[in-house]
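K.L.:
Next up, work_8.pdb (PDB, C-alpha atoms).
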```pdb
ATOM      1  CA  MET P 713      32.071 -22.317  -2.042
ATOM      2  CA  LYS P 714      32.700 -19.099  -3.970
ATOM      3  CA  TYR P 715      30.108 -17.881  -6.482
ATOM      4  CA  ASP P 716      30.295 -14.600  -8.395
ATOM      5  CA  LEU P 717      26.590 -13.713  -8.537
ATOM      6  CA  HIS P 718      26.639 -10.700 -10.875
ATOM      7  CA  ASN P 719      28.060 -11.025 -14.405
ATOM      8  CA  HIS P 720      27.251  -9.665 -17.836
ATOM      9  CA  THR P 721      27.953 -10.834 -21.394
ATOM     10  CA  HIS P 722      27.923  -8.982 -24.700
ATOM     11  CA  HIS P 723      24.131  -9.320 -24.633
ATOM     12  CA  SER P 724      24.276  -6.337 -22.270
ATOM     13  CA  PRO P 725      25.023  -3.176 -24.295
ATOM     14  CA  CYS P 726      27.662  -2.065 -21.769
ATOM     15  CA  SER P 727      29.703  -5.315 -21.882
ATOM     16  CA  ASN P 728      31.912  -7.039 -24.440
ATOM     17  CA  LEU P 729      32.254 -10.381 -22.616
ATOM     18  CA  LYS P 730      31.674 -13.397 -24.785
ATOM     19  CA  PRO P 731      29.986 -16.303 -22.963
ATOM     20  CA  GLU P 732      32.954 -18.618 -23.458
ATOM     21  CA  VAL P 733      35.345 -15.994 -22.045
ATOM     22  CA  LEU P 734      33.180 -15.426 -18.965
ATOM     23  CA  LEU P 735      33.031 -19.158 -18.298
ATOM     24  CA  LYS P 736      36.766 -19.704 -18.823
ATOM     25  CA  PHE P 737      37.954 -16.830 -16.647
ATOM     26  CA  ALA P 738      35.457 -17.451 -13.843
ATOM     27  CA  LYS P 739      36.977 -20.901 -13.450
ATOM     28  CA  LYS P 740      40.490 -19.479 -13.785
ATOM     29  CA  LYS P 741      39.741 -17.022 -10.961
ATOM     30  CA  GLY P 742      38.813 -19.895  -8.653
ATOM     31  CA  MET P 743      35.047 -19.535  -8.683
ATOM     32  CA  ASN P 744      32.913 -22.622  -8.037
ATOM     33  CA  GLY P 745      29.990 -21.057  -9.847
ATOM     34  CA  ILE P 746      28.571 -17.886 -11.378
ATOM     35  CA  ALA P 747      25.251 -16.237 -12.049
ATOM     36  CA  VAL P 748      24.849 -14.642 -15.467
ATOM     37  CA  THR P 749      22.699 -11.537 -15.083
ATOM     38  CA  ASP P 750      22.488  -9.565 -18.313
ATOM     39  CA  HIS P 751      20.360  -6.448 -18.485
ATOM     40  CA  ASN P 752      16.765  -7.388 -19.315
ATOM     41  CA  THR P 753      17.636 -10.596 -21.134
ATOM     42  CA  MET P 754      18.577 -14.206 -20.403
ATOM     43  CA  LYS P 755      20.313 -14.835 -23.727
ATOM     44  CA  GLY P 756      23.792 -14.696 -22.223
ATOM     45  CA  ALA P 757      22.839 -16.867 -19.260
ATOM     46  CA  LEU P 758      21.407 -19.551 -21.523
ATOM     47  CA  GLU P 759      24.515 -19.510 -23.732
ATOM     48  CA  VAL P 760      26.911 -19.817 -20.793
ATOM     49  CA  LYS P 761      24.788 -22.592 -19.296
ATOM     50  CA  LYS P 762      24.900 -24.502 -22.578
ATOM     51  CA  LEU P 763      28.668 -24.090 -22.875
ATOM     52  CA  ASN P 764      29.376 -25.369 -19.368
ATOM     53  CA  LYS P 765      30.252 -29.069 -19.433
ATOM     54  CA  ASP P 766      31.836 -29.141 -15.976
ATOM     55  CA  LYS P 767      29.503 -30.868 -13.507
ATOM     56  CA  ASP P 768      31.494 -29.362 -10.628
ATOM     57  CA  PHE P 769      30.932 -25.797 -11.826
ATOM     58  CA  LYS P 770      27.507 -24.172 -11.433
ATOM     59  CA  VAL P 771      25.947 -21.692 -13.857
ATOM     60  CA  ILE P 772      22.843 -19.969 -12.490
ATOM     61  CA  LEU P 773      20.355 -18.498 -14.946
ATOM     62  CA  GLY P 774      19.681 -14.917 -13.962
ATOM     63  CA  GLU P 775      18.694 -11.490 -15.203
ATOM     64  CA  GLU P 776      19.237  -7.920 -14.027
ATOM     65  CA  VAL P 777      15.896  -6.265 -14.609
ATOM     66  CA  GLY P 778      15.540  -2.513 -14.860
ATOM     67  CA  THR P 779      12.446  -1.378 -12.963
ATOM     68  CA  ASN P 780      10.797   1.956 -12.236
ATOM     69  CA  TYR P 781      12.659   2.018  -8.894
ATOM     70  CA  GLY P 782      16.028   0.647  -9.974
ATOM     71  CA  ASP P 783      17.652  -2.680 -10.817
ATOM     72  CA  VAL P 784      16.531  -6.045  -9.461
ATOM     73  CA  ILE P 785      18.405  -9.320  -9.951
ATOM     74  CA  GLY P 786      16.484 -12.544 -10.329
ATOM     75  CA  LEU P 787      18.323 -15.863  -9.916
ATOM     76  CA  TYR P 788      17.266 -19.422 -10.800
ATOM     77  CA  LEU P 789      14.982 -18.147 -13.538
ATOM     78  CA  GLN P 790      13.292 -20.291 -16.153
ATOM     79  CA  LYS P 791      12.241 -17.508 -18.514
ATOM     80  CA  GLU P 792      12.813 -13.791 -19.033
ATOM     81  CA  ILE P 793      10.967 -11.274 -16.914
ATOM     82  CA  LYS P 794       8.432  -9.313 -18.945
ATOM     83  CA  SER P 795       7.510  -6.514 -16.557
ATOM     84  CA  SER P 796       9.473  -3.405 -15.592
ATOM     85  CA  GLU P 797       7.285  -2.402 -12.634
ATOM     86  CA  LEU P 798       8.994  -3.259  -9.347
ATOM     87  CA  PHE P 799       6.255  -5.266  -7.676
ATOM     88  CA  SER P 800       5.281  -7.043 -10.881
ATOM     89  CA  VAL P 801       8.930  -8.015 -11.377
ATOM     90  CA  ILE P 802       9.045  -9.361  -7.820
ATOM     91  CA  ASP P 803       5.895 -11.377  -8.473
ATOM     92  CA  GLU P 804       7.262 -12.783 -11.738
ATOM     93  CA  ILE P 805      10.500 -13.909 -10.106
ATOM     94  CA  LYS P 806       8.647 -15.488  -7.188
ATOM     95  CA  ALA P 807       6.307 -17.294  -9.604
ATOM     96  CA  GLN P 808       9.399 -19.010 -11.043
ATOM     97  CA  ASP P 809      10.635 -19.936  -7.562
ATOM     98  CA  GLY P 810      13.530 -17.554  -8.143
ATOM     99  CA  LEU P 811      15.593 -15.550  -5.684
ATOM    100  CA  ILE P 812      15.443 -11.747  -5.558
ATOM    101  CA  ILE P 813      18.555  -9.667  -4.929
ATOM    102  CA  ILE P 814      18.745  -5.874  -4.869
ATOM    103  CA  PRO P 815      22.107  -5.023  -6.507
ATOM    104  CA  HIS P 816      24.242  -1.957  -5.715
ATOM    105  CA  PRO P 817      21.384  -0.160  -3.899
ATOM    106  CA  PHE P 818      23.580   2.730  -2.749
ATOM    107  CA  ARG P 819      25.817   3.216  -5.760
ATOM    108  CA  SER P 820      27.235   6.741  -6.011
ATOM    109  CA  SER P 821      26.468   7.748  -9.573
ATOM    110  CA  THR P 822      25.203  10.633 -11.636
ATOM    111  CA  ASN P 823      23.037   8.088 -13.432
ATOM    112  CA  SER P 824      19.954   7.712 -11.245
ATOM    113  CA  THR P 825      19.111   4.322 -12.764
ATOM    114  CA  HIS P 826      21.997   2.826 -10.772
ATOM    115  CA  THR P 827      20.485   3.776  -7.410
ATOM    116  CA  PHE P 828      17.606   1.854  -5.893
ATOM    117  CA  LYS P 829      14.908   4.386  -5.130
ATOM    118  CA  TYR P 830      12.457   2.367  -3.023
ATOM    119  CA  LYS P 831      12.979   2.000   0.713
ATOM    120  CA  ILE P 832      14.315  -1.502   1.300
ATOM    121  CA  GLU P 833      12.674  -1.518   4.719
ATOM    122  CA  LYS P 834       9.288  -1.601   2.976
ATOM    123  CA  ILE P 835      10.108  -4.655   0.840
ATOM    124  CA  LYS P 836      12.417  -6.590   3.164
ATOM    125  CA  ASN P 837       9.921  -9.463   3.356
ATOM    126  CA  LYS P 838       9.628  -9.631  -0.433
ATOM    127  CA  ILE P 839      13.320  -9.921  -1.285
ATOM    128  CA  ASP P 840      15.927 -12.568  -0.468
ATOM    129  CA  ALA P 841      19.184 -10.629  -0.334
ATOM    130  CA  ILE P 842      21.011  -7.351  -0.785
ATOM    131  CA  GLU P 843      24.218  -7.170  -2.788
ATOM    132  CA  CYS P 844      26.617  -6.162  -0.029
ATOM    133  CA  PHE P 845      29.812  -6.250  -2.069
ATOM    134  CA  ASN P 846      29.813  -5.047  -5.660
ATOM    135  CA  ALA P 847      33.269  -4.660  -7.216
ATOM    136  CA  ARG P 848      32.241  -1.524  -9.109
ATOM    137  CA  MET P 849      31.401   0.558  -6.058
ATOM    138  CA  LEU P 850      33.110   3.695  -4.820
ATOM    139  CA  PRO P 851      34.499   3.684  -1.259
ATOM    140  CA  GLY P 852      31.673   3.661   1.274
ATOM    141  CA  ASP P 853      28.925   2.419  -1.076
ATOM    142  CA  ASN P 854      29.240  -1.249  -0.128
ATOM    143  CA  GLU P 855      29.414  -0.372   3.554
ATOM    144  CA  LYS P 856      25.997   1.282   3.302
ATOM    145  CA  SER P 857      24.524  -1.921   1.844
ATOM    146  CA  GLN P 858      26.188  -4.013   4.532
ATOM    147  CA  ALA P 859      24.785  -1.819   7.302
ATOM    148  CA  VAL P 860      21.244  -2.064   5.930
ATOM    149  CA  ALA P 861      21.461  -5.835   5.455
ATOM    150  CA  LYS P 862      22.674  -6.252   9.030
ATOM    151  CA  ARG P 863      20.019  -3.955  10.464
ATOM    152  CA  LEU P 864      17.161  -5.575   8.549
ATOM    153  CA  LYS P 865      18.535  -9.111   8.968
ATOM    154  CA  ILE P 866      18.659  -9.775   5.223
ATOM    155  CA  ALA P 867      21.231 -12.034   3.551
ATOM    156  CA  GLY P 868      24.171 -10.354   1.851
ATOM    157  CA  THR P 869      25.756 -11.399  -1.439
ATOM    158  CA  GLY P 870      28.823 -10.442  -3.436
ATOM    159  CA  GLY P 871      29.209 -10.037  -7.179
ATOM    160  CA  SER P 872      31.779  -8.533  -9.503
ATOM    161  CA  ASP P 873      29.243  -6.841 -11.808
ATOM    162  CA  ALA P 874      31.728  -7.928 -14.476
ATOM    163  CA  HIS P 875      31.328  -6.415 -17.934
ATOM    164  CA  PHE P 876      34.906  -7.070 -19.034
ATOM    165  CA  ARG P 877      37.343  -9.921 -18.643
ATOM    166  CA  PHE P 878      39.569  -8.293 -16.015
ATOM    167  CA  GLU P 879      36.565  -7.758 -13.713
ATOM    168  CA  ILE P 880      35.456 -11.402 -13.450
ATOM    169  CA  GLY P 881      35.706 -12.729  -9.904
ATOM    170  CA  GLY P 882      36.372  -9.262  -8.497
ATOM    171  CA  ALA P 883      33.743  -9.932  -5.838
ATOM    172  CA  TYR P 884      31.914 -13.072  -4.805
ATOM    173  CA  THR P 885      29.560 -14.773  -2.364
ATOM    174  CA  ILE P 886      30.906 -17.286   0.161
ATOM    175  CA  PHE P 887      28.749 -20.100   1.525
ATOM    176  CA  GLU P 888      28.591 -23.787   2.403
ATOM    177  CA  GLY P 889      26.271 -26.367   0.865
ATOM    178  CA  SER P 890      23.340 -25.037  -1.146
ATOM    179  CA  LEU P 891      23.388 -21.388  -2.202
ATOM    180  CA  ARG P 892      19.622 -21.168  -2.114
ATOM    181  CA  ARG P 893      19.531 -22.546   1.437
ATOM    182  CA  ALA P 894      22.405 -20.348   2.571
ATOM    183  CA  ILE P 895      20.621 -17.220   1.350
ATOM    184  CA  LYS P 896      17.318 -18.245   2.893
ATOM    185  CA  GLN P 897      19.048 -18.939   6.213
ATOM    186  CA  ARG P 898      21.207 -15.789   5.995
ATOM    187  CA  LYS P 899      24.416 -17.804   6.151
ATOM    188  CA  THR P 900      26.308 -16.136   3.322
ATOM    189  CA  GLY P 901      29.498 -14.100   3.333
ATOM    190  CA  TYR P 902      31.126 -11.926   0.690
ATOM    191  CA  ASP P 903      34.506 -10.539  -0.265
ATOM    192  CA  GLY P 904      36.247  -8.754  -3.086
ATOM    193  CA  THR P 905      37.980  -5.594  -4.228
ATOM    194  CA  ILE P 906      36.809  -2.296  -5.715
ATOM    195  CA  LEU P 907      40.255  -1.550  -7.131
ATOM    196  CA  TYR P 908      39.233  -1.967 -10.780
ATOM    197  CA  GLY P 909      35.689  -0.675 -10.453
ATOM    198  CA  PRO P 910      36.198   2.890 -11.751
ATOM    199  CA  PHE P 911      38.041   1.641 -14.849
ATOM    200  CA  GLY P 912      35.323  -0.921 -15.599
ATOM    201  CA  GLY P 913      32.651   1.728 -15.191
ATOM    202  CA  LEU P 914      34.438   4.054 -17.609
ATOM    203  CA  LEU P 915      34.761   1.304 -20.207
ATOM    204  CA  SER P 916      31.047   0.522 -19.924
ATOM    205  CA  PHE P 917      30.279   4.209 -20.459
ATOM    206  CA  LEU P 918      32.392   4.194 -23.609
ATOM    207  CA  ARG P 919      30.972   0.876 -24.727
ATOM    208  CA  ARG P 920      27.429   2.222 -24.637
ATOM    209  CA  ARG P 921      28.580   5.003 -26.919
ATOM    210  CA  ARG P 922      30.302   2.589 -29.334
ATOM    211  CA  CYS P 923      33.696   4.199 -28.718
ATOM    212  CA  PHE P 924      35.881   1.097 -28.472
ATOM    213  CA  ASN P 925      33.919  -1.946 -29.644
ATOM    214  CA  GLN P 926      36.989  -3.290 -31.422
ATOM    215  CA  PHE P 927      38.971  -3.615 -28.191
ATOM    216  CA  HIS P 928      38.845  -6.433 -25.657
ATOM    217  CA  PHE P 929      39.756  -6.100 -21.962
TER     218      PHE P 929
END
```
Show me the file's structure as structure tokens.
P.N.:
Amino acid sequence: MKYDLHNHTHHSPCSNLKPEVLLKFAKKKGMNGIAVTDHNTMKGALEVKKLNKDKDFKVILGEEVGTNYGDVIGLYLQKEIKSSELFSVIDEIKAQDGLIIIPHPFRSSTNSTHTFKYKIEKIKNKIDAIECFNARMLPGDNEKSQAVAKRLKIAGTGGSDAHFRFEIGGAYTIFEGSLRRAIKQRKTGYDGTILYGPFGGLLSFLRRRRCFNQFHF
């Protein structure tokens, strides 16, 4: 199975993806499922879930939550996370029987919010996975995540971090059977490309500044 576990819709201020476009192109790219993980909201995830009529395609309700130490992804959520304090966010996700993934922990960026600033070693027993392949990384960033996941014996996932149509399916998680079980048993793989990452990042930068809202990529 191939699931892209990191996707945004236009409910994230740095994305222009409409829910129906995300759903259509994820299937076109050969994904068996996706997680919709908008910034601090589940509106996009709920819309994509409602649009999906294909019983063979899985839509996971998720959210990328900004915390005081960096971003945290929650999967299999039932309601939006209210807190922005790292350990409270972890507790809220666990209370919903959700999975916790630390996305792009070693992203090279001048924006400090993109880098996870808490030592993963100290929370390894509180999280379920590290995003080991993010399609928006610079060379070497994903390798750092992979090395930490291997050393700490934590499951690794892959996600495109798609904000625009051309990014969908750029990275993904590979597993057999149940995703939840595969992550818990550390039996996941990941693959993808960072070829389009810099362009996607630039477009998100411009999007946040309302420079090209009339265009669609």
K.L.:
What's the separation between atom CA of P:Gly745 and atom CA of P:Val760, in Å to one decimal place?
P.N.:
11.4 Å
K.L.:
P:Leu907, P:Ala894, P:Ile880, P:Leu811: which is nearest P:Met849, counting only C-alpha atoms?
P.N.:
P:Leu907
K.L.:
I would like the residues chosen by the PyMOL selection byres ((chain P and resi 909) around 9) on the shown file; could you give them as a PyMOL selection string?
P.N.:
chain P and resi 846-850+872+879+882+905-908+910-914
K.L.:
Provide the atom CA of P:Ile785 to atom CA of P:Pro817 distance in Å, to one decimal place.
P.N.:
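Separation of atom CA of P:Ile785 and atom CA of P:Pro817: 11.4 Å.
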K.L.:
To one decimal in Å, tell me the separation between atom CA of P:Lys762 and atom CA of P:Ile813.
P.N.:
23.9 Å
K.L.:
Counting all atoms listed in the file, what is within 9 Å of P:Gly901, bar same-chain residues fewer than 3 positions away, as an NGL selection string?
P.N.:
:P and (867-870 or 884-887 or 898)
K.L.:
Assuming the chain letters and numbering stay as they are in my file, what does the PyMOL selection byres ((chain P and resi 757) around 8) actually select? List them as number ranges by chain.
P.N.:
P: 747-750, 754-756, 758-761, 771-775
K.L.:
Once you have the residues from the selection above, write them out as a short mmCIF file (atom, residue, chain, number, x, y, z; two decimals), keeping the file's coordinate frame, restricted to C-alpha atoms.
P.N.:
```cif
data_model
loop_
_atom_site.label_atom_id
_atom_site.label_comp_id
_atom_site.auth_asym_id
_atom_site.auth_seq_id
_atom_site.Cartn_x
_atom_site.Cartn_y
_atom_site.Cartn_z
CA ALA P 747 25.25 -16.24 -12.05
CA VAL P 748 24.85 -14.64 -15.47
CA THR P 749 22.70 -11.54 -15.08
CA ASP P 750 22.49 -9.56 -18.31
CA MET P 754 18.58 -14.21 -20.40
CA LYS P 755 20.31 -14.84 -23.73
CA GLY P 756 23.79 -14.70 -22.22
CA LEU P 758 21.41 -19.55 -21.52
CA GLU P 759 24.52 -19.51 -23.73
CA VAL P 760 26.91 -19.82 -20.79
CA LYS P 761 24.79 -22.59 -19.30
CA VAL P 771 25.95 -21.69 -13.86
CA ILE P 772 22.84 -19.97 -12.49
CA LEU P 773 20.36 -18.50 -14.95
CA GLY P 774 19.68 -14.92 -13.96
CA GLU P 775 18.69 -11.49 -15.20
#
```
